[in-house]
Every structure is written in C-alpha cells, then in structure tokens.
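> This is input.cif (mmCIF, C-alpha atoms).
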```cif
data_entry
loop_
_atom_site.label_atom_id
_atom_site.label_comp_id
_atom_site.auth_asym_id
_atom_site.auth_seq_id
_atom_site.Cartn_x
_atom_site.Cartn_y
_atom_site.Cartn_z
CA MET O 1 160.32 175.68 108.58
CA ASN O 2 163.84 174.07 108.60
CA GLN O 3 164.55 170.36 108.37
CA HIS O 4 165.42 170.05 112.09
CA LYS O 5 161.98 171.27 113.27
CA LEU O 6 160.18 169.09 110.69
CA LEU O 7 161.99 166.01 112.00
CA GLN O 8 160.97 166.84 115.59
CA ILE O 9 157.29 167.08 114.55
CA LEU O 10 157.37 163.73 112.74
CA VAL O 11 158.95 161.96 115.72
CA LEU O 12 156.39 163.46 118.11
CA SER O 13 153.53 162.35 115.81
CA PHE O 14 154.69 158.71 115.78
CA VAL O 15 154.89 158.72 119.58
CA LEU O 16 151.41 160.19 120.11
CA LEU O 17 149.53 157.90 117.67
CA PRO O 18 150.18 154.62 119.58
CA LEU O 19 149.28 156.34 122.85
CA ALA O 20 145.97 157.52 121.37
CA ALA O 21 145.22 154.06 120.02
CA SER O 22 146.01 152.56 123.43
CA ALA O 23 143.76 155.05 125.19
CA SER O 24 140.97 154.28 122.76
CA SER O 25 141.30 150.53 123.37
CA SER O 26 141.27 151.06 127.12
CA ALA O 27 138.09 153.16 126.94
CA THR O 28 136.31 150.51 124.84
CA ALA O 29 137.26 147.73 127.27
CA THR O 30 136.03 149.77 130.22
CA ALA O 31 132.69 150.35 128.50
CA CYS O 32 132.28 146.62 127.88
CA ASN O 33 133.05 145.85 131.51
CA GLY O 34 130.51 148.42 132.55
CA GLN O 35 127.82 146.77 130.37
CA LEU O 36 128.55 143.40 131.88
CA LYS O 37 128.17 144.82 135.37
CA ASP O 38 124.84 146.48 134.46
CA HIS O 39 123.51 143.25 132.89
CA PRO O 40 124.34 140.30 135.13
CA PRO O 41 124.04 136.79 133.61
CA SER O 42 120.50 135.43 133.36
CA PRO O 43 119.66 132.65 135.81
CA ALA O 44 119.59 129.07 134.58
CA ILE O 45 116.09 127.88 133.67
CA ILE O 46 114.28 124.65 132.95
CA SER O 47 111.16 124.25 130.79
CA VAL O 48 109.02 121.15 131.22
CA ARG O 49 105.83 120.03 129.51
CA GLY O 50 103.16 118.26 131.54
CA GLU O 51 99.98 116.52 130.42
CA GLY O 52 96.75 115.61 132.15
CA THR O 53 93.87 113.54 130.76
CA VAL O 54 90.45 112.98 132.31
CA SER O 55 87.69 110.80 130.80
CA ALA O 56 83.97 110.86 131.52
CA ALA O 57 80.76 109.50 130.08
CA PRO O 58 78.98 111.88 127.67
CA ASP O 59 75.53 113.24 128.40
CA THR O 60 74.56 114.67 124.98
CA ALA O 61 74.30 113.19 121.49
CA THR O 62 74.24 115.06 118.19
CA ILE O 63 73.07 113.36 114.99
CA THR O 64 72.48 114.47 111.41
CA LEU O 65 69.45 113.29 109.44
CA GLY O 66 68.89 113.78 105.71
CA VAL O 67 65.98 113.97 103.28
CA THR O 68 66.22 113.79 99.48
CA SER O 69 63.40 114.81 97.13
CA ASP O 70 63.12 114.68 93.31
CA GLY O 71 61.04 116.90 91.06
CA LYS O 72 60.62 117.79 87.39
CA THR O 73 61.61 121.39 88.11
CA ALA O 74 63.91 122.96 90.64
CA ARG O 75 60.98 124.59 92.43
CA ASP O 76 59.10 121.31 92.54
CA ALA O 77 62.08 119.50 94.09
CA LEU O 78 62.60 122.25 96.68
CA ASN O 79 58.90 122.39 97.60
CA ARG O 80 58.76 118.64 98.13
CA ASN O 81 61.91 118.71 100.22
CA ASN O 82 60.66 121.61 102.34
CA GLN O 83 57.33 119.88 102.96
CA GLU O 84 59.04 116.66 103.98
CA MET O 85 61.48 118.42 106.30
CA ASP O 86 58.69 120.49 107.88
CA ARG O 87 56.76 117.29 108.58
CA ILE O 88 59.79 115.65 110.17
CA MET O 89 60.52 118.69 112.36
CA LYS O 90 56.92 118.70 113.62
CA GLN O 91 57.21 115.04 114.58
CA LEU O 92 60.49 115.69 116.35
CA LYS O 93 58.92 118.46 118.40
CA LEU O 94 56.31 115.93 119.53
CA LEU O 95 59.27 114.07 121.04
CA ASP O 96 59.99 117.15 123.20
CA PHE O 97 62.72 118.61 121.00
CA GLN O 98 62.99 122.39 121.17
CA ASP O 99 63.77 124.78 118.31
CA LYS O 100 67.28 125.41 119.69
CA ASP O 101 68.04 121.69 119.34
CA LEU O 102 67.11 121.54 115.63
CA GLN O 103 69.31 123.14 112.98
CA THR O 104 69.37 122.88 109.18
CA SER O 105 73.01 122.07 108.45
CA SER O 106 72.90 121.87 104.64
CA LEU O 107 70.61 122.37 101.64
CA ARG O 108 71.55 121.30 98.12
CA LEU O 109 69.88 121.43 94.72
CA HIS O 110 71.27 119.99 91.51
CA PRO O 111 69.95 118.80 88.12
CA ARG O 112 69.57 115.15 87.15
CA TYR O 113 70.63 114.11 83.65
CA ASN O 114 69.80 111.52 81.03
CA TYR O 115 72.69 110.45 78.76
CA ASP O 116 72.71 108.85 75.30
CA ARG O 117 74.23 105.44 74.71
CA GLN O 118 77.67 106.95 74.16
CA GLY O 119 77.38 108.80 77.44
CA GLU O 120 78.15 112.11 75.75
CA SER O 121 74.92 114.00 75.04
CA GLU O 122 73.07 114.94 78.19
CA ARG O 123 69.57 116.15 78.86
CA VAL O 124 68.11 117.45 82.10
CA LYS O 125 65.38 115.06 83.26
CA GLY O 126 64.64 116.72 86.60
CA TYR O 127 66.11 118.11 89.81
CA ARG O 128 67.08 116.73 93.18
CA ALA O 129 66.96 118.63 96.47
CA SER O 130 68.57 117.32 99.64
CA SER O 131 68.71 118.81 103.11
CA HIS O 132 70.26 117.78 106.41
CA LEU O 133 68.94 118.43 109.88
CA THR O 134 71.27 118.35 112.89
CA ILE O 135 69.58 117.30 116.13
CA ARG O 136 70.95 117.71 119.65
CA ILE O 137 69.67 114.99 121.99
CA ARG O 138 70.03 116.21 125.55
CA ASP O 139 68.77 112.93 127.02
CA ILE O 140 71.40 110.59 125.63
CA GLU O 141 69.36 107.53 126.59
CA LYS O 142 66.88 108.45 123.84
CA THR O 143 69.45 108.30 121.03
CA GLY O 144 68.46 104.81 119.88
CA THR O 145 64.77 105.70 120.01
CA VAL O 146 65.30 108.85 117.91
CA LEU O 147 67.23 106.89 115.28
CA ASP O 148 64.47 104.28 115.18
CA LYS O 149 61.78 106.96 114.84
CA ALA O 150 63.78 108.66 112.06
CA VAL O 151 63.12 105.73 109.74
CA SER O 152 59.33 105.97 110.10
CA MET O 153 59.51 109.77 109.79
CA GLY O 154 60.74 109.55 106.21
CA ILE O 155 64.49 109.96 106.57
CA ASN O 156 65.70 108.51 103.27
CA HIS O 157 69.16 109.86 102.63
CA VAL O 158 71.71 109.72 105.44
CA ILE O 159 72.02 109.09 109.13
CA ASP O 160 75.56 109.80 110.17
CA ASN O 161 77.85 111.98 112.24
CA ILE O 162 76.72 110.66 115.61
CA LEU O 163 78.68 112.77 118.06
CA PHE O 164 78.70 112.26 121.82
CA SER O 165 79.72 115.18 124.00
CA ILE O 166 79.59 116.56 127.53
CA SER O 167 77.39 119.61 127.84
CA ASP O 168 79.46 121.32 130.56
CA PRO O 169 83.09 120.07 130.66
CA LYS O 170 84.44 122.82 132.95
CA ASP O 171 84.97 120.57 135.98
CA ILE O 172 86.61 117.89 133.84
CA LEU O 173 88.99 120.41 132.28
CA ARG O 174 89.84 121.78 135.72
CA LYS O 175 90.85 118.29 136.88
CA ALA O 176 92.89 117.77 133.72
CA ARG O 177 94.74 121.07 134.28
CA ARG O 178 95.63 120.08 137.84
CA LYS O 179 96.99 116.75 136.61
CA ALA O 180 99.00 118.52 133.89
CA VAL O 181 100.56 120.99 136.34
CA HIS O 182 101.39 118.21 138.80
CA ASP O 183 102.95 116.19 135.98
CA ALA O 184 105.13 119.12 134.86
CA LYS O 185 106.24 119.95 138.41
CA THR O 186 107.09 116.33 139.21
CA LYS O 187 109.21 116.03 136.07
CA ALA O 188 111.04 119.31 136.77
CA GLU O 189 111.73 118.45 140.43
CA THR O 190 113.10 115.04 139.45
CA ILE O 191 115.51 116.57 136.95
CA VAL O 192 116.86 119.42 139.09
CA SER O 193 117.19 117.28 142.24
CA GLU O 194 119.48 114.93 140.34
CA LEU O 195 121.63 117.96 139.52
CA GLY O 196 121.80 119.10 143.14
CA CYS O 197 119.49 122.05 142.52
CA ARG O 198 115.97 123.14 143.35
CA LEU O 199 113.21 125.00 141.53
CA GLY O 200 113.00 128.76 141.88
CA ARG O 201 110.29 131.15 140.77
CA ILE O 202 108.13 130.49 137.71
CA SER O 203 108.98 132.75 134.78
CA CYS O 204 106.58 131.49 132.09
CA ILE O 205 103.46 129.32 131.73
CA SER O 206 101.58 128.28 128.58
CA THR O 207 98.66 125.87 128.21
CA GLU O 208 96.51 124.21 125.57
CA SER O 209 93.58 121.80 125.74
CA GLY O 210 91.56 119.52 123.51
CA HIS O 211 89.24 116.55 123.62
CA SER O 212 88.50 113.39 121.73
CA TYR O 213 85.28 111.41 121.51
CA PRO O 214 84.15 108.14 119.95
CA MET O 215 82.17 108.41 116.70
CA PRO O 216 80.22 105.19 116.09
CA PRO O 217 80.02 104.47 112.34
CA MET O 218 76.36 104.43 111.29
CA GLN O 219 74.95 105.28 107.91
CA MET O 220 71.66 104.77 106.14
CA GLN O 221 71.03 105.28 102.46
CA HIS O 222 68.14 104.10 100.35
CA GLY O 223 68.41 102.16 97.12
CA SER O 224 71.11 99.72 96.10
CA ARG O 225 73.66 101.45 98.36
CA SER O 226 71.67 100.84 101.54
CA VAL O 227 73.85 100.27 104.60
CA GLY O 228 72.50 99.20 107.98
CA PHE O 229 68.74 99.58 107.43
CA SER O 230 66.26 101.38 105.19
CA GLN O 231 62.92 103.02 105.59
CA HIS O 232 61.18 100.06 103.91
CA SER O 233 62.43 97.57 106.49
CA THR O 234 61.58 97.16 110.14
CA PRO O 235 64.95 97.47 111.87
CA PRO O 236 65.49 96.61 115.51
CA LEU O 237 66.09 99.47 117.92
CA PRO O 238 69.73 100.49 117.31
CA THR O 239 72.18 99.66 120.06
CA ILE O 240 74.29 102.73 120.80
CA ALA O 241 77.56 102.50 122.75
CA THR O 242 78.39 105.97 124.04
CA GLY O 243 81.79 105.15 125.54
CA GLU O 244 83.70 107.98 127.21
CA ASN O 245 85.03 111.35 126.13
CA SER O 246 88.64 112.21 126.93
CA TYR O 247 89.76 115.75 127.70
CA LYS O 248 93.48 116.47 127.55
CA VAL O 249 95.31 119.55 128.84
CA SER O 250 98.99 120.30 128.22
CA VAL O 251 101.01 122.90 130.12
CA GLU O 252 104.55 124.11 129.64
CA ILE O 253 106.13 125.73 132.70
CA THR O 254 109.51 127.43 132.95
CA TRP O 255 111.27 127.68 136.33
CA GLU O 256 114.45 129.37 137.38
CA ILE O 257 116.98 126.96 138.83
CA ILE O 258 118.56 127.62 142.25
CA GLN O 259 121.95 126.05 142.97
CA THR O 260 121.96 124.32 146.35
CA THR O 261 125.39 122.63 146.35
CA SER O 262 128.82 124.15 145.85
CA GLU O 263 130.46 123.57 142.49
CA MET O 264 133.49 121.31 142.44
#
```
Written as structure tokens, how would this file's structure read?

Amino acid sequence: MNQHKLLQILVLSFVLLPLAASASSSATATACNGQLKDHPPSPAIISVRGEGTVSAAPDTATITLGVTSDGKTARDALNRNNQEMDRIMKQLKLLDFQDKDLQTSSLRLHPRYNYDRQGESERVKGYRASSHLTIRIRDIEKTGTVLDKAVSMGINHVIDNILFSISDPKDILRKARRKAVHDAKTKAETIVSELGCRLGRISCISTESGHSYPMPPMQMQHGSRSVGFSQHSTPPLPTIATGENSYKVSVEITWEIIQTTSEM
C-alpha cells in the first residue's frame, strides 16, 4: 500500500468516527424520550393522618389476689399454699364466679434464710410459697364487695392490678374509626382547597388502634409494710371509681390531588 492510499484511509476514519459518535448520542436520547413517554409523571398526592377517640364506662373488672404460705420444707410450703388457694377458690365460686373467670397467674417458691451477726453465713430456715389468682368480675358493681370478701377469705399478700375494661368494644372502635376518617378527610380537604385543588381517588390507607384505662392504685400487704388494710382489721367496703375507658383509632390516608385551576 503506497503513502497516498494510506492517507486517504486515515482521513476517512477521522470523518466517520464523529458521525458514529453523533449517531450513538442521538439513539440514546431517543430511547430516553421513549421511556418518558411510556412512564408519565406520577400524580401529586397528599397523605394526612386522622385520629378519633371514643370513651365509655367499663363493664368488667379484673383483679389479682395473692396468698403467701411458709413451711419448714418446700413441699410443706407448697401444700399449705395449695390448700389455702383451693379454699379461696371454693368461696369465690359461692359468689357465682365460674372456672373461666378464675386463673392462676403466678406461683413462686423460694427458701428463707437465717444470717449470722456479720450477715455473711446463711442457713436455710424454711421455704415460702406464694401464688396469685386473677379474677374477672363481669358484674362491675360487685368489685368493692369482692375486695372486701377477699380479706376474710385469707388473702394475705397482695391485692393489686385492678383493671377496668369493656367486654365487647367493637361498636366503640367502629365509632372511633369513623371519627378518625372524618378527621383525616377534613384536614386533607382544607389543605387542597387552599391550593385551588380537590381530592382525587384514594391510593393508600393504613390504620392502628389502642385503648387506655384508669388503674386505681390499691395494694394490701400484711406485716409492717401493710398499705390500705390488712386481714386482721375490719376495713370499710372499698370505694371503687371505675371512670371511663378511652379507645383511640388513627388512620393515614393518601389521596391523589386534582388540579382545578389553571396555573399562572
């Protein structure tokens, strides 16, 4: 190949390379434009959280009663505790409590120690068994009477965890949901109307619910740490304030926004 032909080839190569690069750039730009046409912009959206709360008087009370028994051996302590709890459950059933309303919620057994004057050497002097019985009171008006009877039954450890609830809260939750949805919609309409828009279709909804209830502080313990009343005293019938339970529902709703006025 002579020098004249080689020069012609080199000149032709320099001319073709920019054209190829230009063609490549043009093809890439066309592809991008095609993707934009196939995927139009997503509509504007607004997400708003609404809340609804409904309160109502409870109709059920749940309390926890405790019995503590000591014995020289672990078996002796457990036997005494079982006998005492069986006696209490029988008395409760005389008050029209059913088996489904009585549940053993805890049972504990641990050794009791004697220490020397330095508080270092220890010796087991016996065992202590304690058990708790959770009672559901379906007639909430009897709560004070049950607590009063518990003292004479032999409850000697704890009376606590008084919980008031509503046995069937479905209707209350339904009302709370309606209030939450109305709250969310009102907020969203207020916002978009100020922007000259209106709400479109709903694209997403999420919800959550919960409830709160008053827990009156009441505790009974025997010995030097007695609070409220003990089994050796004659306490007045406890006054129980049931208050109201509050059920709260939150919803988060997302709407598409429809433009109703022309842009400036």
> Got a sec to resolve the PyMOL selection byres ((chain O and resi 47) around 10) on this structure and send the residues as a PyMOL selection string?
chain O and resi 45-46+48-49+184+187-188+202-205+252-256
> Between atom CA of Gly243 of chain O and atom CA of Arg177 of chain O, what is the distance in Å, rounded to a tenth?
22.3 Å
> Could you check which of O:Ser42, O:Thr64, O:Thr186, O:Ser193 is closest to Ala150 of chain O, using only C-alpha atoms?
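Checking each candidate against Ala150 of chain O, we get O:Thr64 as the closest.
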> Please measure the separation of atom CA of Pro111 of chain O and atom CA of Gly66 of chain O, giving the value in Å to one decimal.
18.3 Å
> Using the chain letters and numbers from this file, what does the PyMOL selection byres ((chain O and resi 79) around 12) select? Give the answer as JSON, numbers by chain.
{"O": [68, 69, 70, 71, 72, 73, 74, 75, 76, 77, 78, 80, 81, 82, 83, 84, 85, 86, 109, 127, 128, 129, 130, 131]}
> Give me the residues within 12 Å of Arg174 of chain O as a short mmCIF file (atom, residue, chain, number, x, y, z; two decimals) with C-alpha atoms, in the frame of the given file, counting only C-alpha atoms and dropping any in the same chain fewer than 4 places off.

```cif
data_model
loop_
_atom_site.label_atom_id
_atom_site.label_comp_id
_atom_site.auth_asym_id
_atom_site.auth_seq_id
_atom_site.Cartn_x
_atom_site.Cartn_y
_atom_site.Cartn_z
CA GLY O 52 96.75 115.61 132.15
CA THR O 53 93.87 113.54 130.76
CA VAL O 54 90.45 112.98 132.31
CA ASP O 168 79.46 121.32 130.56
CA PRO O 169 83.09 120.07 130.66
CA LYS O 170 84.44 122.82 132.95
CA ARG O 178 95.63 120.08 137.84
CA LYS O 179 96.99 116.75 136.61
CA ALA O 180 99.00 118.52 133.89
CA VAL O 181 100.56 120.99 136.34
CA SER O 209 93.58 121.80 125.74
CA TYR O 247 89.76 115.75 127.70
CA LYS O 248 93.48 116.47 127.55
CA VAL O 249 95.31 119.55 128.84
CA SER O 250 98.99 120.30 128.22
#
```
> Quick one: apply the PyMOL selection byres ((chain O and resi 161-166) around 6) to the file and drop the selected residues here as a PyMOL selection string.
chain O and resi 58-64+160+167-169+215
> I'd like the interatomic distance between atom CA of Ile140 of chain O and atom CA of Ser106 of chain O, to a tenth of an Å.
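Going from atom CA of Ile140 of chain O over to atom CA of Ser106 of chain O, I get 23.9 Å.
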> Which one is closest to Asn245 of chain O: O:Leu92, O:Val67, O:Leu173, O:Ser105? Count all atoms listed in the file.
O:Leu173
> As number ranges by chain, please: the residues near Gln259 of chain O (cut-off 8 Å, all atoms listed in the file, same-chain neighbours under 5 positions excluded).
O: 196-198
> Which residue gives the smallest distance to Glu208 of chain O among O:Ala176, O:Gln118, O:Thr242, O:Phe97, with all atoms listed in the file counted?
O:Ala176
> I need the residue nearest Thr104 of chain O from this list: O:Lys142, O:His182, O:His132, O:Lys149. Use only C-alpha atoms for the distance.
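Checking each candidate against Thr104 of chain O, we get O:His132 as the closest.
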> Find the residues with any atom within 6 Å of (64.5, 121.2, 113.1); use only C-alpha atoms and the coordinates as given in the file, and write the answer as a ChimeraX atom specification.
/O:89,102-103
> Using all atoms listed in the file, can you tell me which of O:Val251, O:Ile240, O:Pro43, O:Gln98 comes closest to Asp183 of chain O?
O:Val251
